[in-house]
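Below is one structure, written out as structure tokens, with a few remarks after it.
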Amino acid sequence: MPLASDLAACLDTALLCADRARAAVTPYFRAGLTVDDKSDESPVTRADREAETTMRGLIAERHPDHAILGEEFGFSGVTGDWVWVLDPIDGTRAFITGRPSFATLIALFYKGRPVLGIIDQPFTLERWIGVDGAETRFDSATMPGQIGVRTCAGLAEAELSCTSPDMLIPPYDTRFAGLKGATRRTSWGGDAYGYGLLALGQIDVIAECTMKPWDWGALVPVVTGAGGVMTDWQGAPLTLESDGTVLACGDKTLLQDAVARLRPSP
């Protein structure tokens with residue numbers, strides 16, 4: 001376990017990173033950005049690059065012995081127990097189409113496990129702050145919400161969410177279908193914002209795949225600090241070596257049944 005004093009200092013850095021990323025991102029929202037395509041065909045913009053650059057610079061200045069892994073600029077090359085994992089705009093497709101469901105994600109891993117996470121929505125001014133061993137905090141001057149997952153009697157009563165059916169490439173599509181068929185209703189869209197809603201008791205289950213560490217790292221402390229649980233589709237803890245499947249349950253009693261539904265067919 002990291003020292004509380006270390007986490008406190010890192011939290012100060014993470015909050016300042018979120019502020020600076022917010023300042024970098026907001027001028028470009030609905031401003032007619034030029035959109036490029038990366039090698040994986042996901043859109044990337046000037047806002048992504050500027051936000052990650054400012055965060056990386058701050059972290060390197062304050063924690064020169066910490067590694068940094070970012071979606072836009074990769075791995076810093078520093079080795080050690082501490083790794084910052086950054087996604088300047090999670091939900092770039094939402095951003096470039098003017099929908100305020102994107103988020104900046106800031107995570108800190110210690111020995112391969114996420115111990116700090118921030119989900120920041122720059123336009124609606126919502127921020128979820130998760131720190132290992134503490135209750136998640138939700139800050140917003142504009143939007144209602146109270147931290148705490150909700151009780152759910154079973155999957156038949158559960159609201160299921162996933163960012164997009166397009167991510168459910170074979171064989172994940174048939175596995176997801178098993179879970180979808182057992183739940184009350186499925187909603188699509190939201191990216192990381194959906195995990196913030198789960199932490200506010202609005203969504204019960206989220207199942208996604210083909211996820212990178214910068215997609216889910218910040219979400220784990222937020223969800224667990226709100227009383228929920230996050231694992232891979234096998235029910236194992238998420239680490240930097242995980243297989244890209246992510247399962248979040250607000251009510252922890254849903255986890256075993258959800259994992260069973262997501263198992264590959266015999």
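Labeling convention for the structure tokens: chains A, B, ... as they appear, residues from 1 per chain, ligands from 1 in order of appearance.
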Discussion item. Among segment 45-110 of chain A, which residues does DSSP mark as strand (DSSP E or B) when it is run on the backbone? Keep the chain and numbering as in the structure and answer as a ChimeraX atom specification.
Written reply: /A:67-70,74-75,82-90,103-110
Hey, could you make a per-residue contact list for segment 78-98 of chain A against segment 67-72 of chain A with 12 Å as the cut-off, showing the nearest pair of atoms and its distance in Å to one decimal, counting only C-alpha atoms, sorted by chain and number, as JSON lines?
```
{"residue": "A:Val78", "atom": "CA", "partner": "A:Ala67", "partner_atom": "CA", "distance": 4.7}
{"residue": "A:Thr79", "atom": "CA", "partner": "A:Ala67", "partner_atom": "CA", "distance": 6.0}
{"residue": "A:Gly80", "atom": "CA", "partner": "A:Ala67", "partner_atom": "CA", "distance": 6.9}
{"residue": "A:Asp81", "atom": "CA", "partner": "A:Ala67", "partner_atom": "CA", "distance": 8.4}
{"residue": "A:Trp82", "atom": "CA", "partner": "A:Ala67", "partner_atom": "CA", "distance": 6.2}
{"residue": "A:Val83", "atom": "CA", "partner": "A:Ala67", "partner_atom": "CA", "distance": 4.6}
{"residue": "A:Trp84", "atom": "CA", "partner": "A:Ile68", "partner_atom": "CA", "distance": 4.7}
{"residue": "A:Val85", "atom": "CA", "partner": "A:Leu69", "partner_atom": "CA", "distance": 4.8}
{"residue": "A:Leu86", "atom": "CA", "partner": "A:Gly70", "partner_atom": "CA", "distance": 4.6}
{"residue": "A:Asp87", "atom": "CA", "partner": "A:Glu71", "partner_atom": "CA", "distance": 5.5}
{"residue": "A:Pro88", "atom": "CA", "partner": "A:Glu71", "partner_atom": "CA", "distance": 7.7}
{"residue": "A:Ile89", "atom": "CA", "partner": "A:Glu71", "partner_atom": "CA", "distance": 9.1}
{"residue": "A:Asp90", "atom": "CA", "partner": "A:Glu71", "partner_atom": "CA", "distance": 9.4}
{"residue": "A:Thr92", "atom": "CA", "partner": "A:Glu71", "partner_atom": "CA", "distance": 11.6}
```
Taking only residues of segment 9-64 of chain A that have an atom at most 12 Å from an atom of segment 93-99 of chain A, what is each one's shortest atom pair and its distance in Å to one decimal, using only C-alpha atoms, in chain and number order, as CSV?
```
residue,atom,partner,partner_atom,distance
A:Val25,CA,A:Phe95,CA,9.7
A:Thr26,CA,A:Phe95,CA,10.1
A:Pro27,CA,A:Phe95,CA,11.9
A:Tyr28,CA,A:Phe95,CA,9.1
A:Phe29,CA,A:Phe95,CA,6.7
A:Arg30,CA,A:Gly98,CA,5.3
A:Ala31,CA,A:Gly98,CA,8.9
A:Gly32,CA,A:Ile96,CA,8.0
A:Leu33,CA,A:Ile96,CA,7.3
A:Thr34,CA,A:Ile96,CA,9.1
A:Val35,CA,A:Ile96,CA,7.8
A:Asp36,CA,A:Ile96,CA,10.9
A:Asp37,CA,A:Arg93,CA,11.3
A:Glu41,CA,A:Arg93,CA,11.3
A:Ser42,CA,A:Arg93,CA,8.1
A:Pro43,CA,A:Arg93,CA,6.8
A:Val44,CA,A:Arg93,CA,8.7
A:Thr45,CA,A:Ile96,CA,8.3
A:Arg46,CA,A:Ile96,CA,11.0
A:Ala47,CA,A:Phe95,CA,9.7
A:Asp48,CA,A:Phe95,CA,10.1
```
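With only C-alpha atoms as the atoms that count, the minimum distance from Asp191 of chain A to the choices A:Gly57, A:Gly228, A:Gly74, A:Pro100 is reached by A:Pro100.
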Discussion item. Just checking: using only C-alpha atoms, which residue out of A:Ile106, A:Gly225, A:Glu208, A:Glu126 ends up closest to Asp166 of chain A?
Written reply: A:Glu208
Discussion item. Based on the backbone DSSP call, show me all residues of segment 160-200 of chain A assigned alpha helix (DSSP H), as a VMD selection string.
Written reply: chain A and resid 172 to 180 193 to 199
Worksheet item: Closest to Arg137 of chain A among A:Ala199, A:Val205, A:Leu255, A:Leu247, using only C-alpha atoms?
Response: A:Ala199
Worksheet item: Neighbours of segment 11-24 of chain A within 9 Å (only C-alpha atoms; same-chain residues fewer than 5 positions away dropped), as number ranges by chain?
Response: A: 6, 47-48, 50-56, 58-59, 62-63, 88, 104-108, 116-123, 125, 127, 129, 131
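Counting only C-alpha atoms, the residue from A:Val220, A:Leu198, A:Met230, A:Val115 that sits nearest to Thr151 of chain A is A:Leu198.
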Worksheet item: Nearest to Ile169 of chain A among A:Cys209, A:Leu7, A:Leu219, A:Leu262, with distances taken over only C-alpha atoms: which residue is it?
Response: A:Cys209
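The residue set within 12 Å of Glu241 of chain A, counting only C-alpha atoms and dropping same-chain residues fewer than 6 places from it, reads Lys111, Gly112, Arg113, Met211, Lys212, Pro213, Gly217 and Asp232 of chain A.
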Could the residues in this selection be saved with N, CA and C atoms as a PDB file, in the first residue's frame?
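For reference, part-v1.pdb as written:
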```pdb
ATOM      1  N   LYS A 111       2.389  -0.020  -8.237  1.00  0.00           N
ATOM      2  CA  LYS A 111       2.713  -1.433  -8.406  1.00  0.00           C
ATOM      3  C   LYS A 111       1.645  -2.156  -9.230  1.00  0.00           C
ATOM      4  N   GLY A 112       1.218  -1.513 -10.312  1.00  0.00           N
ATOM      5  CA  GLY A 112       0.304  -2.130 -11.270  1.00  0.00           C
ATOM      6  C   GLY A 112      -1.166  -2.006 -10.958  1.00  0.00           C
ATOM      7  N   ARG A 113      -1.521  -1.336  -9.853  1.00  0.00           N
ATOM      8  CA  ARG A 113      -2.921  -1.243  -9.446  1.00  0.00           C
ATOM      9  C   ARG A 113      -3.331   0.219  -9.325  1.00  0.00           C
ATOM     10  N   MET A 211     -10.604  -2.414 -24.063  1.00  0.00           N
ATOM     11  CA  MET A 211     -10.266  -1.202 -23.322  1.00  0.00           C
ATOM     12  C   MET A 211      -8.761  -1.165 -23.036  1.00  0.00           C
ATOM     13  N   LYS A 212      -8.191   0.019 -23.079  1.00  0.00           N
ATOM     14  CA  LYS A 212      -6.791   0.248 -22.740  1.00  0.00           C
ATOM     15  C   LYS A 212      -6.714   0.771 -21.299  1.00  0.00           C
ATOM     16  N   PRO A 213      -5.532   0.690 -20.668  1.00  0.00           N
ATOM     17  CA  PRO A 213      -5.421   1.175 -19.283  1.00  0.00           C
ATOM     18  C   PRO A 213      -5.880   2.612 -19.098  1.00  0.00           C
ATOM     19  N   GLY A 217      -8.367   3.060 -16.072  1.00  0.00           N
ATOM     20  CA  GLY A 217      -7.576   3.232 -14.859  1.00  0.00           C
ATOM     21  C   GLY A 217      -8.190   4.198 -13.855  1.00  0.00           C
ATOM     22  N   ASP A 232     -12.295  -7.567 -14.468  1.00  0.00           N
ATOM     23  CA  ASP A 232     -12.420  -7.966 -15.862  1.00  0.00           C
ATOM     24  C   ASP A 232     -13.625  -8.897 -15.988  1.00  0.00           C
TER      25      ASP A 232
END
```
Worksheet item: Taking only C-alpha atoms into account, which of A:Ala258, A:Val229, A:Leu197, A:Met167 comes nearest Pro144 of chain A?
Response: A:Leu197
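Atom CA of Ile206 of chain A to atom CA of Arg261 of chain A spans 13.1 Å [interatomic distance, one decimal].
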Item to complete: Measure the distance from atom CA of Asp204 of chain A to atom CA of Pro170 of chain A in Å and round it to one decimal.
Response: 24.4 Å
